[in-house]
Amino acid sequence: MANNNNKQLALQVICALICSEKEKKKNNRRIWRRECLKRREQHGLSVPPIVLESSEEPGCRELLRMTEEEFELLLGSVGALITKQHTKMRRAISARDRLSVTLRYLASGETFSSLSLQYRIGASTISQIVMETCAALHQVMKKDYLKTPSTEAEWRTIAQDFESKWQFPHCLGALGGKRIYLQPPAKSVSVEHNYKGRFSVTIMAAVDANYKFIYASVGTQASVSDAGLFAHSDLCKAMDQGLLNFPPPEPLPNSDVKMPYMFVGDEAYPLRPDLMTPHPCKQTDRSQQVLNCRLSRARRAPENAFGILANRLRVFRNTIYLEPDKVVKITMASLCIHNFLRERRSEAYTPPGFADWENEEHSLVEGTWRKQGSGSFQPAEQRGESDASDTAKIQRNLLCDYFVSPAGCVPWQEEHI
């Protein structure tokens, strides 16, 4: 009997200990939200989405790179897609706050942890908000603010702007690219690193004379160049199939020489009738040097556009600690925002004097075309020059003659060859 009583007592003690441990675990539940984040609903955001501009506060212009009116326009466009419903557990973060924190992330490039302290929102929640809002912005804005022209009238407008601002006739846009550097994800392979050994994604874009993007493609393989992206892009396929409704060939200004309308690109792009590239740098005569100089000036449009984008939306100035597919969403949304603010001539985005390149008469980016062929790799044009069609070569020679003739020359070109 004594042994049985001892066994029962031991079992009761063990059961009591197990129940005690369960009670402790139940009482030590994981915290739903940190106390500092709970104060957001009581006191509002640490950095409010809209701050009335004054001499004492930086205001919406400095925080979000846009005016309050422009913020409200974006909110009206995308608000319905990013609005969430309240639950019994907590109140949803408003569409205004979601758009504000997303624009602040794009404008500053700060980490989600840093924004978490400013906005009193969890870092993981901010990450989700940014991705959802960027996807919504691109979905809503791409039809109006990242649209490739599809009519002759639209293409002619771009060509007229290039002729008046950049002194290059029959130009439908300039092609260029930019690399966005990322933190390498786990188990990344060599094909995902560029020639400098860094992990990145590449943007290939066509830009009009006013620094607006009219086409963009983002490649997630860092080893692919912007010219490689062009070769596999739907823009190239549409050009091959004649689906873009380019204007028919017409005489160059003050000349009887008929010339088709075309894009311009650097030496990495293929020479073709609808895409003009420079002459190889070696053994060029005077007319070829003038053509290279004029092409270099026209190609400044994408360089300047990417410069404005990275200086105003500074997320692109730092290494981005996100997966490539998320960077694609951020990039496409940023291009739409850039075009939206450029179209509105926003002084908060490009203040007076910020983009004085378009007011310069003839200054060139130093070494833009002179450095073709420099470095450890051979220029792409020299590799593919023999593949260019005879028609494209004839067109390039006609442009060479035109730019040194009285009909096509400009006073400053002799100073830069």
# chains A, B, ... in the order shown; residues from 1 in each chain; ligands from 1
call {"tool": "residues_around", "arguments": {"residues": "region 226-234 of chain A", "least_positions_apart": "6", "cutoff": "7 Å", "atoms": "only C-alpha atoms", "output": "PDB file with C-alpha atoms, in the first residue's frame"}}
result
ATOM      1  CA  GLY A 177      20.715  52.034 -68.932  1.00  0.00           C
ATOM      2  CA  THR A 202      19.750  46.528 -64.894  1.00  0.00           C
ATOM      3  CA  ILE A 203      17.274  49.066 -66.261  1.00  0.00           C
ATOM      4  CA  MET A 204      17.135  49.623 -70.014  1.00  0.00           C
ATOM      5  CA  GLY A 219      16.514  42.613 -66.034  1.00  0.00           C
ATOM      6  CA  ALA A 268      26.828  48.972 -77.110  1.00  0.00           C
ATOM      7  CA  TYR A 269      23.603  48.932 -79.146  1.00  0.00           C
TER       8      TYR A 269
END
call {"tool": "residues_around", "arguments": {"residues": "Leu313 (chain A)", "least_positions_apart": "5", "cutoff": "8 Å", "atoms": "only C-alpha atoms", "output": "list in words"}}
result
Arg65, Leu106, Ala107, Ser108, Gly109 and Ser334 of chain A
call {"tool": "write_last_selection", "arguments": {"atoms": "N, CA, C and O atoms", "output": "mmCIF file, in the first residue's frame"}}
result
data_model
loop_
_atom_site.group_PDB
_atom_site.id
_atom_site.type_symbol
_atom_site.label_atom_id
_atom_site.label_comp_id
_atom_site.auth_asym_id
_atom_site.auth_seq_id
_atom_site.Cartn_x
_atom_site.Cartn_y
_atom_site.Cartn_z
ATOM 1 N N ARG A 65 9.499 64.701 -51.704
ATOM 2 C CA ARG A 65 9.906 65.181 -53.031
ATOM 3 C C ARG A 65 8.718 65.594 -53.892
ATOM 4 O O ARG A 65 8.761 65.482 -55.116
ATOM 5 N N LEU A 106 11.174 55.755 -50.809
ATOM 6 C CA LEU A 106 11.753 56.014 -52.125
ATOM 7 C C LEU A 106 12.600 57.278 -52.116
ATOM 8 O O LEU A 106 13.664 57.334 -52.750
ATOM 9 N N ALA A 107 12.149 58.313 -51.404
ATOM 10 C CA ALA A 107 12.855 59.594 -51.416
ATOM 11 C C ALA A 107 14.138 59.561 -50.606
ATOM 12 O O ALA A 107 15.106 60.258 -50.938
ATOM 13 N N SER A 108 14.173 58.760 -49.542
ATOM 14 C CA SER A 108 15.329 58.774 -48.641
ATOM 15 C C SER A 108 16.236 57.566 -48.793
ATOM 16 O O SER A 108 17.438 57.659 -48.548
ATOM 17 N N GLY A 109 15.666 56.424 -49.174
ATOM 18 C CA GLY A 109 16.459 55.210 -49.239
ATOM 19 C C GLY A 109 16.811 54.652 -47.870
ATOM 20 O O GLY A 109 17.697 53.799 -47.750
ATOM 21 N N SER A 334 8.742 53.822 -59.326
ATOM 22 C CA SER A 334 9.535 55.055 -59.280
ATOM 23 C C SER A 334 9.572 55.749 -60.637
ATOM 24 O O SER A 334 9.524 56.983 -60.715
#
call {"tool": "closest_residue", "arguments": {"among": "A:Cys236, A:Ala216, A:Ile180, A:Ile82", "to": "Leu322 (chain A)", "atoms": "only C-alpha atoms"}}
result
A:Ile180
call {"tool": "residues_around", "arguments": {"residues": "Lys147 (chain A)", "least_positions_apart": "4", "cutoff": "7 Å", "atoms": "only C-alpha atoms", "output": "PDB file with all heavy atoms, in the first residue's frame"}}
result
ATOM      1  N   LYS A 142       0.779  53.342 -64.953  1.00  0.00           N
ATOM      2  CA  LYS A 142       1.549  52.961 -66.134  1.00  0.00           C
ATOM      3  C   LYS A 142       0.849  53.331 -67.442  1.00  0.00           C
ATOM      4  O   LYS A 142       1.516  53.621 -68.441  1.00  0.00           O
ATOM      5  CB  LYS A 142       1.842  51.456 -66.111  1.00  0.00           C
ATOM      6  CG  LYS A 142       0.610  50.568 -66.158  1.00  0.00           C
ATOM      7  CD  LYS A 142       1.007  49.092 -66.067  1.00  0.00           C
ATOM      8  CE  LYS A 142      -0.220  48.184 -66.104  1.00  0.00           C
ATOM      9  NZ  LYS A 142       0.175  46.756 -65.996  1.00  0.00           N
ATOM     10  N   LYS A 143      -0.483  53.340 -67.461  1.00  0.00           N
ATOM     11  CA  LYS A 143      -1.188  53.648 -68.703  1.00  0.00           C
ATOM     12  C   LYS A 143      -1.018  55.106 -69.115  1.00  0.00           C
ATOM     13  O   LYS A 143      -1.045  55.421 -70.307  1.00  0.00           O
ATOM     14  CB  LYS A 143      -2.674  53.322 -68.543  1.00  0.00           C
ATOM     15  CG  LYS A 143      -2.965  51.834 -68.389  1.00  0.00           C
ATOM     16  CD  LYS A 143      -4.455  51.572 -68.275  1.00  0.00           C
ATOM     17  CE  LYS A 143      -4.744  50.087 -68.124  1.00  0.00           C
ATOM     18  NZ  LYS A 143      -6.197  49.808 -67.992  1.00  0.00           N
ATOM     19  N   ILE A 214       9.816  56.731 -71.753  1.00  0.00           N
ATOM     20  CA  ILE A 214       8.726  56.289 -72.615  1.00  0.00           C
ATOM     21  C   ILE A 214       8.713  54.767 -72.782  1.00  0.00           C
ATOM     22  O   ILE A 214       7.788  54.226 -73.381  1.00  0.00           O
ATOM     23  CB  ILE A 214       8.793  56.975 -73.997  1.00  0.00           C
ATOM     24  CG1 ILE A 214      10.130  56.692 -74.690  1.00  0.00           C
ATOM     25  CG2 ILE A 214       8.565  58.476 -73.863  1.00  0.00           C
ATOM     26  CD1 ILE A 214      10.228  57.259 -76.092  1.00  0.00           C
ATOM     27  N   TYR A 215       9.733  54.116 -72.262  1.00  0.00           N
ATOM     28  CA  TYR A 215       9.773  52.659 -72.241  1.00  0.00           C
ATOM     29  C   TYR A 215      10.828  52.251 -71.223  1.00  0.00           C
ATOM     30  O   TYR A 215      11.843  52.926 -71.067  1.00  0.00           O
ATOM     31  CB  TYR A 215      10.123  52.061 -73.610  1.00  0.00           C
ATOM     32  CG  TYR A 215      10.305  50.565 -73.569  1.00  0.00           C
ATOM     33  CD1 TYR A 215       9.204  49.721 -73.654  1.00  0.00           C
ATOM     34  CD2 TYR A 215      11.562  49.996 -73.394  1.00  0.00           C
ATOM     35  CE1 TYR A 215       9.355  48.340 -73.578  1.00  0.00           C
ATOM     36  CE2 TYR A 215      11.725  48.625 -73.324  1.00  0.00           C
ATOM     37  CZ  TYR A 215      10.624  47.805 -73.408  1.00  0.00           C
ATOM     38  OH  TYR A 215      10.779  46.446 -73.324  1.00  0.00           O
TER      39      TYR A 215
END
call {"tool": "closest_residue", "arguments": {"among": "A:Val101, A:Cys134, A:Ile126, A:Leu64", "to": "Cys336 (chain A)", "atoms": "only C-alpha atoms"}}
result
A:Cys134
call {"tool": "residues_around", "arguments": {"residues": "Asp208 (chain A)", "least_positions_apart": "4", "cutoff": "8 Å", "atoms": "only C-alpha atoms", "output": "PyMOL selection string"}}
result
chain A and resi 158+162+172-174+212-214+301-302
call {"tool": "closest_residue", "arguments": {"among": "A:Arg396, A:Glu303, A:Pro185, A:Val315", "to": "Thr331 (chain A)", "atoms": "only C-alpha atoms"}}
result
A:Val315
call {"tool": "select_by_dssp", "arguments": {"residues": "region 46-203 of chain A", "states": "strand (DSSP E or B)", "output": "PDB file with all heavy atoms, in the first residue's frame"}}
result
ATOM      1  N   CYS A 171      14.814  62.117 -84.256  1.00  0.00           N
ATOM      2  CA  CYS A 171      15.124  61.254 -83.113  1.00  0.00           C
ATOM      3  C   CYS A 171      13.841  60.991 -82.320  1.00  0.00           C
ATOM      4  O   CYS A 171      13.182  61.927 -81.863  1.00  0.00           O
ATOM      5  CB  CYS A 171      16.179  61.899 -82.218  1.00  0.00           C
ATOM      6  SG  CYS A 171      16.612  60.893 -80.792  1.00  0.00           S
ATOM      7  N   LEU A 172      13.511  59.725 -82.153  1.00  0.00           N
ATOM      8  CA  LEU A 172      12.289  59.318 -81.458  1.00  0.00           C
ATOM      9  C   LEU A 172      12.534  58.998 -79.987  1.00  0.00           C
ATOM     10  O   LEU A 172      11.589  58.689 -79.260  1.00  0.00           O
ATOM     11  CB  LEU A 172      11.687  58.089 -82.140  1.00  0.00           C
ATOM     12  CG  LEU A 172      11.338  58.264 -83.619  1.00  0.00           C
ATOM     13  CD1 LEU A 172      10.839  56.953 -84.198  1.00  0.00           C
ATOM     14  CD2 LEU A 172      10.305  59.366 -83.806  1.00  0.00           C
ATOM     15  N   GLY A 173      13.759  59.056 -79.555  1.00  0.00           N
ATOM     16  CA  GLY A 173      14.104  58.750 -78.167  1.00  0.00           C
ATOM     17  C   GLY A 173      15.534  58.284 -78.081  1.00  0.00           C
ATOM     18  O   GLY A 173      16.131  57.848 -79.073  1.00  0.00           O
ATOM     19  N   ALA A 174      16.110  58.388 -76.887  1.00  0.00           N
ATOM     20  CA  ALA A 174      17.480  57.951 -76.657  1.00  0.00           C
ATOM     21  C   ALA A 174      17.467  56.775 -75.684  1.00  0.00           C
ATOM     22  O   ALA A 174      16.763  56.806 -74.671  1.00  0.00           O
ATOM     23  CB  ALA A 174      18.323  59.092 -76.092  1.00  0.00           C
ATOM     24  N   LEU A 175      18.240  55.740 -76.019  1.00  0.00           N
ATOM     25  CA  LEU A 175      18.303  54.542 -75.191  1.00  0.00           C
ATOM     26  C   LEU A 175      19.468  54.635 -74.220  1.00  0.00           C
ATOM     27  O   LEU A 175      20.536  55.127 -74.560  1.00  0.00           O
ATOM     28  CB  LEU A 175      18.463  53.296 -76.066  1.00  0.00           C
ATOM     29  CG  LEU A 175      17.399  53.063 -77.144  1.00  0.00           C
ATOM     30  CD1 LEU A 175      17.681  51.753 -77.884  1.00  0.00           C
ATOM     31  CD2 LEU A 175      16.004  53.036 -76.540  1.00  0.00           C
ATOM     32  N   GLY A 176      19.255  54.174 -73.015  1.00  0.00           N
ATOM     33  CA  GLY A 176      20.305  54.168 -72.006  1.00  0.00           C
ATOM     34  C   GLY A 176      19.978  53.178 -70.910  1.00  0.00           C
ATOM     35  O   GLY A 176      18.900  52.577 -70.889  1.00  0.00           O
ATOM     36  N   GLY A 177      20.916  53.004 -69.999  1.00  0.00           N
ATOM     37  CA  GLY A 177      20.715  52.034 -68.932  1.00  0.00           C
ATOM     38  C   GLY A 177      21.325  52.470 -67.623  1.00  0.00           C
ATOM     39  O   GLY A 177      22.132  53.402 -67.561  1.00  0.00           O
ATOM     40  N   LYS A 178      20.930  51.787 -66.562  1.00  0.00           N
ATOM     41  CA  LYS A 178      21.459  52.050 -65.221  1.00  0.00           C
ATOM     42  C   LYS A 178      21.448  50.746 -64.431  1.00  0.00           C
ATOM     43  O   LYS A 178      20.524  49.943 -64.550  1.00  0.00           O
ATOM     44  CB  LYS A 178      20.601  53.091 -64.491  1.00  0.00           C
ATOM     45  CG  LYS A 178      21.035  53.353 -63.043  1.00  0.00           C
ATOM     46  CD  LYS A 178      20.176  54.400 -62.391  1.00  0.00           C
ATOM     47  CE  LYS A 178      20.534  54.547 -60.900  1.00  0.00           C
ATOM     48  NZ  LYS A 178      21.954  54.897 -60.688  1.00  0.00           N
ATOM     49  N   ARG A 179      22.479  50.564 -63.614  1.00  0.00           N
ATOM     50  CA  ARG A 179      22.545  49.405 -62.729  1.00  0.00           C
ATOM     51  C   ARG A 179      22.096  49.791 -61.321  1.00  0.00           C
ATOM     52  O   ARG A 179      22.484  50.840 -60.820  1.00  0.00           O
ATOM     53  CB  ARG A 179      23.961  48.827 -62.685  1.00  0.00           C
ATOM     54  CG  ARG A 179      24.394  48.200 -64.005  1.00  0.00           C
ATOM     55  CD  ARG A 179      25.663  47.381 -63.851  1.00  0.00           C
ATOM     56  NE  ARG A 179      26.073  46.819 -65.121  1.00  0.00           N
ATOM     57  CZ  ARG A 179      25.626  45.684 -65.628  1.00  0.00           C
ATOM     58  NH1 ARG A 179      24.728  44.981 -64.948  1.00  0.00           N
ATOM     59  NH2 ARG A 179      26.055  45.241 -66.794  1.00  0.00           N
ATOM     60  N   ILE A 180      21.302  48.939 -60.714  1.00  0.00           N
ATOM     61  CA  ILE A 180      20.853  49.120 -59.334  1.00  0.00           C
ATOM     62  C   ILE A 180      21.487  48.013 -58.518  1.00  0.00           C
ATOM     63  O   ILE A 180      21.270  46.821 -58.774  1.00  0.00           O
ATOM     64  CB  ILE A 180      19.320  49.045 -59.226  1.00  0.00           C
ATOM     65  CG1 ILE A 180      18.670  50.080 -60.145  1.00  0.00           C
ATOM     66  CG2 ILE A 180      18.868  49.259 -57.795  1.00  0.00           C
ATOM     67  CD1 ILE A 180      17.165  49.930 -60.226  1.00  0.00           C
ATOM     68  N   TYR A 181      22.295  48.395 -57.536  1.00  0.00           N
ATOM     69  CA  TYR A 181      23.053  47.408 -56.784  1.00  0.00           C
ATOM     70  C   TYR A 181      22.240  46.867 -55.605  1.00  0.00           C
ATOM     71  O   TYR A 181      21.576  47.620 -54.891  1.00  0.00           O
ATOM     72  CB  TYR A 181      24.371  48.016 -56.298  1.00  0.00           C
ATOM     73  CG  TYR A 181      25.302  48.343 -57.437  1.00  0.00           C
ATOM     74  CD1 TYR A 181      25.501  49.653 -57.840  1.00  0.00           C
ATOM     75  CD2 TYR A 181      25.953  47.327 -58.139  1.00  0.00           C
ATOM     76  CE1 TYR A 181      26.342  49.951 -58.905  1.00  0.00           C
ATOM     77  CE2 TYR A 181      26.781  47.616 -59.201  1.00  0.00           C
ATOM     78  CZ  TYR A 181      26.981  48.921 -59.587  1.00  0.00           C
ATOM     79  OH  TYR A 181      27.799  49.213 -60.642  1.00  0.00           O
ATOM     80  N   LEU A 182      22.338  45.545 -55.429  1.00  0.00           N
ATOM     81  CA  LEU A 182      21.587  44.840 -54.391  1.00  0.00           C
ATOM     82  C   LEU A 182      22.549  44.072 -53.500  1.00  0.00           C
ATOM     83  O   LEU A 182      23.693  43.808 -53.877  1.00  0.00           O
ATOM     84  CB  LEU A 182      20.585  43.848 -54.999  1.00  0.00           C
ATOM     85  CG  LEU A 182      19.753  44.284 -56.199  1.00  0.00           C
ATOM     86  CD1 LEU A 182      18.862  43.138 -56.626  1.00  0.00           C
ATOM     87  CD2 LEU A 182      18.914  45.491 -55.842  1.00  0.00           C
ATOM     88  N   HIS A 193      25.945  38.212 -61.179  1.00  0.00           N
ATOM     89  CA  HIS A 193      26.881  39.269 -60.854  1.00  0.00           C
ATOM     90  C   HIS A 193      27.337  39.940 -62.138  1.00  0.00           C
ATOM     91  O   HIS A 193      27.519  39.292 -63.177  1.00  0.00           O
ATOM     92  CB  HIS A 193      28.091  38.710 -60.102  1.00  0.00           C
ATOM     93  CG  HIS A 193      27.750  38.195 -58.728  1.00  0.00           C
ATOM     94  ND1 HIS A 193      27.108  36.988 -58.532  1.00  0.00           N
ATOM     95  CD2 HIS A 193      27.962  38.734 -57.498  1.00  0.00           C
ATOM     96  CE1 HIS A 193      26.946  36.794 -57.229  1.00  0.00           C
ATOM     97  NE2 HIS A 193      27.447  37.834 -56.580  1.00  0.00           N
ATOM     98  N   PHE A 199      26.443  42.319 -57.317  1.00  0.00           N
ATOM     99  CA  PHE A 199      25.101  41.834 -57.616  1.00  0.00           C
ATOM    100  C   PHE A 199      24.212  43.036 -57.935  1.00  0.00           C
ATOM    101  O   PHE A 199      24.202  44.024 -57.196  1.00  0.00           O
ATOM    102  CB  PHE A 199      24.541  41.080 -56.417  1.00  0.00           C
ATOM    103  CG  PHE A 199      23.275  40.335 -56.715  1.00  0.00           C
ATOM    104  CD1 PHE A 199      23.314  39.061 -57.244  1.00  0.00           C
ATOM    105  CD2 PHE A 199      22.047  40.915 -56.478  1.00  0.00           C
ATOM    106  CE1 PHE A 199      22.150  38.368 -57.525  1.00  0.00           C
ATOM    107  CE2 PHE A 199      20.875  40.237 -56.754  1.00  0.00           C
ATOM    108  CZ  PHE A 199      20.931  38.959 -57.286  1.00  0.00           C
ATOM    109  N   SER A 200      23.479  42.969 -59.020  1.00  0.00           N
ATOM    110  CA  SER A 200      22.680  44.121 -59.434  1.00  0.00           C
ATOM    111  C   SER A 200      21.563  43.680 -60.364  1.00  0.00           C
ATOM    112  O   SER A 200      21.535  42.547 -60.852  1.00  0.00           O
ATOM    113  CB  SER A 200      23.556  45.165 -60.144  1.00  0.00           C
ATOM    114  OG  SER A 200      24.078  44.637 -61.355  1.00  0.00           O
ATOM    115  N   VAL A 201      20.631  44.603 -60.597  1.00  0.00           N
ATOM    116  CA  VAL A 201      19.663  44.483 -61.681  1.00  0.00           C
ATOM    117  C   VAL A 201      19.894  45.654 -62.624  1.00  0.00           C
ATOM    118  O   VAL A 201      20.464  46.677 -62.235  1.00  0.00           O
ATOM    119  CB  VAL A 201      18.207  44.476 -61.171  1.00  0.00           C
ATOM    120  CG1 VAL A 201      17.961  43.309 -60.254  1.00  0.00           C
ATOM    121  CG2 VAL A 201      17.876  45.780 -60.467  1.00  0.00           C
ATOM    122  N   THR A 202      19.470  45.529 -63.861  1.00  0.00           N
ATOM    123  CA  THR A 202      19.750  46.528 -64.894  1.00  0.00           C
ATOM    124  C   THR A 202      18.450  47.077 -65.452  1.00  0.00           C
ATOM    125  O   THR A 202      17.519  46.311 -65.750  1.00  0.00           O
ATOM    126  CB  THR A 202      20.576  45.909 -66.040  1.00  0.00           C
ATOM    127  OG1 THR A 202      21.753  45.307 -65.498  1.00  0.00           O
ATOM    128  CG2 THR A 202      20.980  46.976 -67.046  1.00  0.00           C
ATOM    129  N   ILE A 203      18.396  48.413 -65.590  1.00  0.00           N
ATOM    130  CA  ILE A 203      17.274  49.066 -66.261  1.00  0.00           C
ATOM    131  C   ILE A 203      17.724  49.461 -67.661  1.00  0.00           C
ATOM    132  O   ILE A 203      18.767  50.090 -67.828  1.00  0.00           O
ATOM    133  CB  ILE A 203      16.820  50.338 -65.534  1.00  0.00           C
ATOM    134  CG1 ILE A 203      16.699  50.122 -64.032  1.00  0.00           C
ATOM    135  CG2 ILE A 203      15.502  50.845 -66.096  1.00  0.00           C
ATOM    136  CD1 ILE A 203      16.398  51.408 -63.279  1.00  0.00           C
TER     137      ILE A 203
END
call {"tool": "closest_residue", "arguments": {"among": "A:Phe168, A:Tyr211, A:Tyr349, A:Phe306", "to": "Val264 (chain A)", "atoms": "only C-alpha atoms"}}
result
A:Phe168
call {"tool": "closest_residue", "arguments": {"among": "A:Ala92, A:Leu81, A:Ala135, A:Ala392", "to": "Pro273 (chain A)", "atoms": "only C-alpha atoms"}}
result
A:Ala392
